[in-house]
file target28.cif (mmCIF, C-alpha atoms)
data_entry
loop_
_atom_site.label_atom_id
_atom_site.label_comp_id
_atom_site.auth_asym_id
_atom_site.auth_seq_id
_atom_site.Cartn_x
_atom_site.Cartn_y
_atom_site.Cartn_z
CA MET A 7 -64.66 145.40 -11.42
CA ALA A 8 -61.07 146.60 -11.87
CA GLY A 9 -58.58 144.62 -9.84
CA HIS A 10 -61.08 141.93 -8.95
CA ASN A 11 -59.18 138.65 -9.01
CA LYS A 12 -58.49 135.44 -7.15
CA TRP A 13 -55.88 137.11 -4.96
CA SER A 14 -58.46 139.52 -3.54
CA LYS A 15 -60.50 136.47 -2.51
CA VAL A 16 -57.44 134.81 -0.99
CA LYS A 17 -56.63 137.95 0.97
CA ARG A 18 -60.17 138.37 2.26
CA ILE A 19 -60.44 134.73 3.28
CA LYS A 20 -56.99 134.77 4.92
CA GLY A 21 -57.51 138.19 6.50
CA VAL A 22 -61.06 139.12 7.44
CA LEU A 23 -62.25 135.54 7.90
CA ASP A 24 -58.93 134.17 9.20
CA SER A 25 -59.12 131.49 11.90
CA ARG A 26 -56.07 132.89 13.72
CA ARG A 27 -58.19 135.10 15.93
CA GLY A 28 -55.30 136.42 18.02
CA LYS A 29 -53.68 137.96 14.96
CA LEU A 30 -57.02 139.27 13.75
CA PHE A 31 -57.75 140.92 17.10
CA SER A 32 -54.27 142.44 17.11
CA ARG A 33 -54.97 144.14 13.79
CA PHE A 34 -58.32 145.45 14.99
CA SER A 35 -56.63 146.79 18.13
CA LYS A 36 -54.08 148.70 16.08
CA GLU A 37 -56.72 150.12 13.76
CA ILE A 38 -58.80 151.25 16.74
CA THR A 39 -55.76 152.84 18.41
CA VAL A 40 -54.64 154.64 15.23
CA ALA A 41 -58.19 155.82 14.46
CA ALA A 42 -58.63 157.15 18.00
CA LYS A 43 -55.25 158.88 17.93
CA LEU A 44 -55.99 160.65 14.63
CA GLY A 45 -59.65 161.52 15.16
CA GLY A 46 -60.29 161.37 18.90
CA ALA A 47 -61.43 158.58 21.19
CA ASP A 48 -65.14 159.47 21.04
CA ALA A 49 -66.67 157.13 18.45
CA ASP A 50 -69.73 159.41 18.12
CA PHE A 51 -67.53 162.06 16.50
CA ASN A 52 -64.98 159.81 14.79
CA PRO A 53 -66.39 157.83 11.82
CA ARG A 54 -63.19 155.84 11.26
CA LEU A 55 -63.13 154.76 14.90
CA ARG A 56 -66.82 153.90 14.80
CA THR A 57 -66.25 151.71 11.75
CA ALA A 58 -63.20 150.00 13.30
CA ILE A 59 -65.15 149.14 16.45
CA LEU A 60 -68.08 147.90 14.36
CA SER A 61 -65.78 145.57 12.40
CA ALA A 62 -64.10 144.33 15.56
CA ARG A 63 -67.40 143.53 17.25
CA ALA A 64 -68.64 141.78 14.11
CA GLN A 65 -65.73 139.36 14.58
CA ASN A 66 -66.58 138.93 18.29
CA MET A 67 -63.62 140.88 19.61
CA PRO A 68 -64.10 141.25 23.39
CA ASN A 69 -65.02 144.69 24.73
CA ASP A 70 -62.01 144.57 27.06
CA ASN A 71 -59.71 144.40 24.04
CA ILE A 72 -61.48 147.37 22.47
CA GLU A 73 -61.16 149.41 25.66
CA ARG A 74 -57.45 148.63 25.93
CA ALA A 75 -56.91 149.77 22.35
CA LEU A 76 -58.70 153.05 23.09
CA LYS A 77 -56.59 153.64 26.20
CA LYS A 78 -53.40 153.21 24.19
CA ALA A 79 -54.46 156.08 21.96
CA THR A 80 -54.79 158.43 24.95
CA GLY A 81 -51.66 157.18 26.72
CA GLU A 82 -53.60 155.37 29.45
CA GLY A 83 -52.41 151.98 28.21
CA GLY A 84 -48.83 152.65 29.21
CA SER A 85 -47.39 151.92 25.76
CA ALA A 86 -45.67 154.02 23.11
CA THR A 87 -47.75 155.90 20.57
CA LEU A 88 -48.46 154.07 17.33
CA GLU A 89 -47.76 155.68 13.96
CA GLU A 90 -49.50 154.65 10.74
CA ILE A 91 -47.15 154.21 7.75
CA ILE A 92 -47.54 152.80 4.23
CA TYR A 93 -44.57 151.03 2.64
CA GLU A 94 -44.24 149.96 -0.97
CA GLY A 95 -42.24 147.08 -2.38
CA TYR A 96 -41.85 144.25 -4.83
CA ALA A 97 -42.28 140.49 -4.44
CA PRO A 98 -40.71 137.91 -6.80
CA GLY A 99 -41.93 138.05 -10.40
CA GLY A 100 -42.33 141.84 -10.33
CA VAL A 101 -45.46 141.63 -8.14
CA ALA A 102 -46.26 144.99 -6.49
CA LEU A 103 -46.90 145.24 -2.74
CA ILE A 104 -48.43 147.87 -0.50
CA ILE A 105 -47.83 147.24 3.20
CA GLU A 106 -49.79 149.12 5.88
CA VAL A 107 -48.20 149.16 9.32
CA ALA A 108 -48.83 150.62 12.75
CA THR A 109 -45.57 151.01 14.65
CA ASP A 110 -44.05 152.71 17.68
CA ASN A 111 -40.60 152.64 16.04
CA ARG A 112 -40.46 153.37 12.30
CA ASN A 113 -36.71 152.69 12.05
CA ARG A 114 -37.11 149.20 13.52
CA THR A 115 -40.10 148.42 11.32
CA ALA A 116 -38.42 149.61 8.12
CA ALA A 117 -35.34 147.50 8.90
CA ASP A 118 -37.46 144.44 9.70
CA LEU A 119 -39.53 144.79 6.52
CA ARG A 120 -36.40 145.21 4.43
CA GLN A 121 -34.98 142.02 5.94
CA ILE A 122 -38.21 140.04 5.41
CA LEU A 123 -38.48 141.13 1.79
CA SER A 124 -34.82 140.45 1.04
CA LYS A 125 -34.98 136.99 2.62
CA HIS A 126 -38.00 136.13 0.45
CA HIS A 127 -36.58 137.44 -2.86
CA GLY A 128 -38.32 140.84 -2.73
CA ASN A 129 -37.32 144.39 -1.90
CA LEU A 130 -38.62 147.66 -0.47
CA ALA A 131 -39.30 150.43 -2.98
CA THR A 132 -39.43 154.21 -2.76
CA SER A 133 -42.73 155.96 -2.08
CA GLY A 134 -44.87 156.16 -5.22
CA SER A 135 -43.08 153.32 -6.99
CA VAL A 136 -46.09 150.98 -6.97
CA SER A 137 -48.99 152.93 -5.47
CA TYR A 138 -49.98 154.21 -8.92
CA LEU A 139 -50.85 150.60 -9.81
CA PHE A 140 -53.68 150.56 -7.23
CA HIS A 141 -56.94 152.38 -6.57
CA ARG A 142 -57.66 153.47 -2.99
CA ARG A 143 -61.21 152.42 -2.12
CA GLY A 144 -63.52 151.76 0.78
CA ARG A 145 -64.80 148.17 0.94
CA ILE A 146 -67.80 146.91 2.89
CA LEU A 147 -68.83 143.28 3.33
CA ILE A 148 -72.46 142.40 4.06
CA PRO A 149 -73.71 138.78 4.33
CA GLU A 150 -76.18 138.17 1.52
CA GLY A 151 -78.87 136.91 3.89
CA SER A 152 -78.93 140.08 5.96
CA ALA A 153 -80.14 142.51 3.28
CA LYS A 154 -81.94 142.71 -0.05
CA GLU A 155 -79.93 143.66 -3.10
CA ASP A 156 -82.39 146.32 -4.29
CA ALA A 157 -82.37 148.04 -0.89
CA LEU A 158 -78.57 148.04 -0.80
CA LEU A 159 -78.34 149.52 -4.29
CA GLU A 160 -80.70 152.34 -3.31
CA ILE A 161 -78.65 153.15 -0.20
CA LEU A 162 -75.48 152.95 -2.24
CA LEU A 163 -76.67 155.48 -4.78
CA GLU A 164 -77.93 157.93 -2.18
CA ALA A 165 -74.86 157.72 0.10
CA GLY A 166 -72.22 157.98 -2.64
CA GLY A 167 -71.19 154.35 -3.09
CA GLU A 168 -69.45 153.26 -6.27
CA ASP A 169 -70.02 149.57 -7.03
CA MET A 170 -71.54 146.39 -5.63
CA THR A 171 -70.90 142.74 -6.49
CA ASN A 172 -71.81 139.32 -5.10
CA GLU A 173 -68.86 137.27 -3.92
CA ASP A 174 -68.73 134.06 -1.87
CA GLY A 175 -71.97 134.72 0.02
CA TYR A 176 -71.37 138.45 0.53
CA PHE A 177 -72.44 141.72 -1.01
CA VAL A 178 -69.15 143.53 -1.62
CA ILE A 179 -69.61 147.30 -1.75
CA LEU A 180 -66.91 149.64 -3.01
CA THR A 181 -66.87 153.35 -2.24
CA PRO A 182 -64.59 156.32 -2.88
CA PRO A 183 -62.25 156.66 0.13
CA ASP A 184 -64.01 159.75 1.44
CA ARG A 185 -67.46 158.12 1.27
CA LEU A 186 -66.75 154.87 3.16
CA TYR A 187 -67.96 156.10 6.53
CA ALA A 188 -70.99 157.90 5.06
CA VAL A 189 -72.11 154.68 3.38
CA VAL A 190 -71.58 152.72 6.61
CA GLU A 191 -73.69 155.23 8.52
CA ALA A 192 -76.44 155.07 5.87
CA LEU A 193 -76.47 151.26 6.16
CA LYS A 194 -76.72 151.42 9.94
CA GLU A 195 -79.62 153.86 9.72
CA ALA A 196 -81.37 151.27 7.53
CA GLN A 197 -80.71 148.62 10.22
CA ILE A 198 -78.13 146.85 8.05
CA GLU A 199 -74.97 145.90 9.91
CA PRO A 200 -71.85 145.38 7.77
CA GLU A 201 -69.58 142.54 8.78
CA THR A 202 -66.49 144.57 7.92
CA ALA A 203 -65.75 148.01 6.52
CA GLU A 204 -62.24 149.15 5.66
CA LEU A 205 -60.10 151.32 3.45
CA THR A 206 -58.27 149.12 0.99
CA PHE A 207 -56.09 149.16 -2.11
CA ILE A 208 -57.41 147.42 -5.25
CA ALA A 209 -55.03 146.61 -8.08
CA GLN A 210 -55.89 148.12 -11.44
CA ASN A 211 -54.51 145.07 -13.23
CA ALA A 212 -53.50 141.67 -11.89
CA ILE A 213 -50.13 140.06 -12.58
CA SER A 214 -50.06 136.34 -13.35
CA VAL A 215 -46.91 134.45 -12.36
CA ASN A 216 -46.66 131.30 -14.46
CA ASP A 217 -43.67 129.71 -12.74
CA PRO A 218 -45.03 127.62 -9.81
CA GLN A 219 -41.96 128.15 -7.62
CA THR A 220 -42.03 131.92 -8.07
CA ALA A 221 -45.77 132.02 -7.41
CA ALA A 222 -45.27 130.03 -4.21
CA GLN A 223 -42.53 132.44 -3.13
CA VAL A 224 -44.95 135.36 -3.55
CA ILE A 225 -47.58 133.64 -1.40
CA HIS A 226 -45.02 132.72 1.27
CA LEU A 227 -43.73 136.32 1.38
CA HIS A 228 -47.29 137.63 1.69
CA ASP A 229 -48.00 135.27 4.60
CA THR A 230 -44.72 136.19 6.33
CA LEU A 231 -45.48 139.90 6.05
CA GLU A 232 -48.98 139.39 7.47
CA ASP A 233 -47.50 137.50 10.42
CA TYR A 234 -45.15 140.38 11.30
CA GLU A 235 -46.56 142.10 14.38
CA ASP A 236 -46.43 145.68 13.01
CA VAL A 237 -48.25 144.88 9.76
CA MET A 238 -51.95 145.69 9.55
CA ASN A 239 -52.62 144.84 5.90
CA VAL A 240 -50.78 143.66 2.79
CA PHE A 241 -52.13 144.41 -0.69
CA SER A 242 -50.87 142.96 -3.96
CA ASN A 243 -51.60 142.83 -7.67
CA PHE A 244 -50.77 139.11 -7.73
CA ASP A 245 -53.15 136.67 -9.45
CA PRO A 246 -52.11 133.24 -8.10
CA PRO A 247 -52.31 130.00 -10.10
CA GLU A 248 -55.10 127.68 -9.04
CA GLU A 249 -52.85 124.97 -7.61
CA THR A 250 -49.92 126.90 -6.16
CA THR A 251 -48.92 125.69 -2.70
CA ASP A 252 -46.54 126.99 -0.08
CA ASP A 253 -44.52 123.75 -0.34
CA GLN A 254 -43.07 124.97 -3.63
CA ALA A 255 -41.56 128.11 -2.10
CA ALA A 256 -37.80 128.18 -1.84
#

call {"tool": "encode", "arguments": {"input": "target28.cif", "output": "C-alpha cells"}}
result
Amino acid sequence: MAGHNKWSKVKRIKGVLDSRRGKLFSRFSKEITVAAKLGGADADFNPRLRTAILSARAQNMPNDNIERALKKATGEGGSATLEEIIYEGYAPGGVALIIEVATDNRNRTAADLRQILSKHHGNLATSGSVSYLFHRRGRILIPEGSAKEDALLEILLEAGGEDMTNEDGYFVILTPPDRLYAVVEALKEAQIEPETAELTFIAQNAISVNDPQTAAQVIHLHDTLEDYEDVMNVFSNFDPPEETTDDQAA
C-alpha cells in the first residue's frame, strides 16, 4: 500500500488511540462543528457529520460534548465561527507536512504555526508545495473481531472502496475521498460499526532520516503541532528510525 510506513502507525496510535482524551475530544468537537457548518446540523442529511459523530461516540465522547459542538456550528454556542484550513510546510530533514486546522482567526493561526515551525527547525510553505507528495484518501478502522474479512471485502467492492489491510488488530480500509461516507453507510447497513472513519493524507513515498537528532526533532515538532489547540491533524511522509526518542531533540 503506497505510503504505508511506521509513521502512519505512530500517528494512528498517538492520534486515534491517544490516551489524552481531552485533546482527542477537542478534535472531534472541531470536526463536528466544521462538518455541521459546511453541510448542515442534521446528521441524517450530512454524511460527514454522521461519520464524525460516529467516530466520536466510538471513543466514548459524551453526548453533551457533541451537542455543544453542534450548537457552535449554528451560533448557539456563543463562540466565533470556525474555518477549516490546510497548511503545508517542512520539518527538519526535508520532511513534508500537511497541517489541518479549524480556527476562528486565520491570521493568528498562521502566525502561531509559523512560529512553532521556525522554533523547531521547520518552515511554512506555499500552497501546493508538498501536497503533491500525498494522496487524499478516506480511511476506516474496524476491529478485527467485529467483522469477517470476506464480508468486508464484498462490501468494499460494492460500495466503491479501494484497499484493505490488516494492521495491529484492525482492518484498515482505504477509499477514494468521495466514497468514504458511502462505504461507512454500507458498513452500517451490514451492522458493522467502524471505530473511526476520516479523510486523511497518505504519503506516496516515505522519507527516512538517518541522523538520530534530526529524526527526534521531526517527532518533537509533530507532537508540538498536534498539541496546538487549532490543529486537527498533522500528516507527514516521515519514516522514523526504530529507536528515535524525543530526548535527542534539540

call {"tool": "resolve_selection", "arguments": {"input": "target28.cif", "expression": "the PyMOL selection byres ((chain A and resi 177-181) around 9)", "output": "JSON, numbers by chain"}}
result
{"A": [143, 144, 145, 146, 147, 148, 149, 150, 153, 155, 158, 162, 166, 167, 168, 169, 170, 171, 172, 173, 174, 175, 176, 182, 183, 184, 185, 186, 189]}

call {"tool": "resolve_selection", "arguments": {"input": "target28.cif", "expression": "the PyMOL selection byres ((chain A and resi 118-128) around 12)", "output": "number ranges by chain"}}
result
A: 92-107, 109, 111-117, 129-132, 219-237, 240, 255-256

call {"tool": "atom_distance", "arguments": {"input": "target28.cif", "atom1": "atom CA of A:Gly45", "atom2": "atom CA of A:Ala209"}}
result
28.0 Å

call {"tool": "atom_distance", "arguments": {"input": "target28.cif", "atom1": "atom CA of A:Ala41", "atom2": "atom CA of A:Thr57"}}
result
9.4 Å

call {"tool": "atom_distance", "arguments": {"input": "target28.cif", "atom1": "atom CA of A:Glu89", "atom2": "atom CA of A:Lys43"}}
result
9.1 Å

call {"tool": "residues_around", "arguments": {"input": "target28.cif", "residues": "A:Phe244", "least_positions_apart": "4", "cutoff": "8 Å", "atoms": "only C-alpha atoms", "output": "count of residues only"}}
result
7

call {"tool": "residues_around", "arguments": {"input": "target28.cif", "residues": "A:Val190", "least_positions_apart": "6", "cutoff": "9 Å", "atoms": "only C-alpha atoms", "output": "list of chain:residue names"}}
result
A:Pro53, A:Thr57, A:Ile146, A:Ala165, A:Ile198, A:Glu199, A:Pro200, A:Ala203

call {"tool": "write_last_selection", "arguments": {"input": "target28.cif", "atoms": "C-alpha atoms", "output": "PDB file, in the frame of the given file"}}
result
ATOM      1  CA  PRO A  53     -66.390 157.830  11.820  1.00  0.00           C
ATOM      2  CA  THR A  57     -66.250 151.710  11.750  1.00  0.00           C
ATOM      3  CA  ILE A 146     -67.800 146.910   2.890  1.00  0.00           C
ATOM      4  CA  ALA A 165     -74.860 157.720   0.100  1.00  0.00           C
ATOM      5  CA  ILE A 198     -78.130 146.850   8.050  1.00  0.00           C
ATOM      6  CA  GLU A 199     -74.970 145.900   9.910  1.00  0.00           C
ATOM      7  CA  PRO A 200     -71.850 145.380   7.770  1.00  0.00           C
ATOM      8  CA  ALA A 203     -65.750 148.010   6.520  1.00  0.00           C
TER       9      ALA A 203
END

call {"tool": "resolve_selection", "arguments": {"input": "target28.cif", "expression": "the PyMOL selection byres ((chain A and resi 52) around 12)", "output": "JSON, numbers by chain"}}
result
{"A": [38, 40, 41, 42, 43, 44, 45, 46, 47, 48, 49, 50, 51, 53, 54, 55, 56, 57, 58, 59, 187, 188, 191]}

call {"tool": "residues_around", "arguments": {"input": "target28.cif", "residues": "stretch 72-74 of chain A", "least_positions_apart": "5", "cutoff": "9 Å", "atoms": "only C-alpha atoms", "output": "list of chain:residue names"}}
result
A:Phe34, A:Ser35, A:Ile38, A:Thr39, A:Ile59, A:Ala62, A:Arg63, A:Met67, A:Ala79, A:Glu82, A:Gly83

call {"tool": "axis_aligned_box", "arguments": {"input": "target28.cif", "around": "stretch 173-192 of chain A", "padding_each_side": "3 Å", "output": "lines of an AutoDock Vina configuration file"}}
result
center_x = -69.3
center_y = 146.9
center_z = 2.3
size_x = 20.2
size_y = 31.7
size_z = 18.4

call {"tool": "closest_residue", "arguments": {"input": "target28.cif", "among": "A:Glu195, A:Glu204, A:Asp217, A:Asp245", "to": "A:Leu60", "atoms": "all atoms listed in the file"}}
result
A:Glu204

call {"tool": "closest_residue", "arguments": {"input": "target28.cif", "among": "A:Arg142, A:Leu159, A:Lys77, A:Lys36", "to": "A:Asp110", "atoms": "all atoms listed in the file"}}
result
A:Lys36

call {"tool": "closest_residue", "arguments": {"input": "target28.cif", "among": "A:Glu37, A:Leu30, A:Glu160, A:Gly134", "to": "A:Leu205", "atoms": "all atoms listed in the file"}}
result
A:Glu37

call {"tool": "build_atoms", "arguments": {"input": "target28.cif", "residues": "stretch 167-182 of chain A", "atoms": "N, CA and C atoms", "output": "CSV table (one decimal), in the frame of the given file"}}
result
chain,number,residue,atom,x,y,z
A,167,GLY,N,-71.9,155.6,-2.8
A,167,GLY,CA,-71.2,154.4,-3.1
A,167,GLY,C,-70.8,154.3,-4.6
A,168,GLU,N,-70.0,153.3,-4.9
A,168,GLU,CA,-69.4,153.3,-6.3
A,168,GLU,C,-69.8,152.0,-7.0
A,169,ASP,N,-69.8,150.8,-6.3
A,169,ASP,CA,-70.0,149.6,-7.0
A,169,ASP,C,-70.4,148.5,-6.0
A,170,MET,N,-71.2,147.5,-6.5
A,170,MET,CA,-71.5,146.4,-5.6
A,170,MET,C,-71.5,145.1,-6.4
A,171,THR,N,-70.9,144.1,-5.9
A,171,THR,CA,-70.9,142.7,-6.5
A,171,THR,C,-71.3,141.7,-5.5
A,172,ASN,N,-71.6,140.5,-6.0
A,172,ASN,CA,-71.8,139.3,-5.1
A,172,ASN,C,-70.6,138.4,-5.1
A,173,GLU,N,-70.1,138.0,-4.0
A,173,GLU,CA,-68.9,137.3,-3.9
A,173,GLU,C,-68.9,136.4,-2.7
A,174,ASP,N,-68.9,135.1,-2.9
A,174,ASP,CA,-68.7,134.1,-1.9
A,174,ASP,C,-69.7,134.3,-0.7
A,175,GLY,N,-71.0,134.6,-1.0
A,175,GLY,CA,-72.0,134.7,0.0
A,175,GLY,C,-72.1,136.1,0.6
A,176,TYR,N,-71.4,137.1,0.0
A,176,TYR,CA,-71.4,138.4,0.5
A,176,TYR,C,-71.7,139.4,-0.6
A,177,PHE,N,-72.4,140.5,-0.2
A,177,PHE,CA,-72.4,141.7,-1.0
A,177,PHE,C,-71.2,142.5,-0.7
A,178,VAL,N,-70.4,142.8,-1.8
A,178,VAL,CA,-69.2,143.5,-1.6
A,178,VAL,C,-69.4,144.9,-2.2
A,179,ILE,N,-69.4,145.9,-1.3
A,179,ILE,CA,-69.6,147.3,-1.8
A,179,ILE,C,-68.3,148.1,-1.8
A,180,LEU,N,-68.1,148.8,-2.9
A,180,LEU,CA,-66.9,149.6,-3.0
A,180,LEU,C,-67.4,151.1,-3.0
A,181,THR,N,-66.6,151.9,-2.3
A,181,THR,CA,-66.9,153.4,-2.2
A,181,THR,C,-65.6,154.2,-2.5
A,182,PRO,N,-65.8,155.4,-2.9
A,182,PRO,CA,-64.6,156.3,-2.9
A,182,PRO,C,-64.1,156.4,-1.4
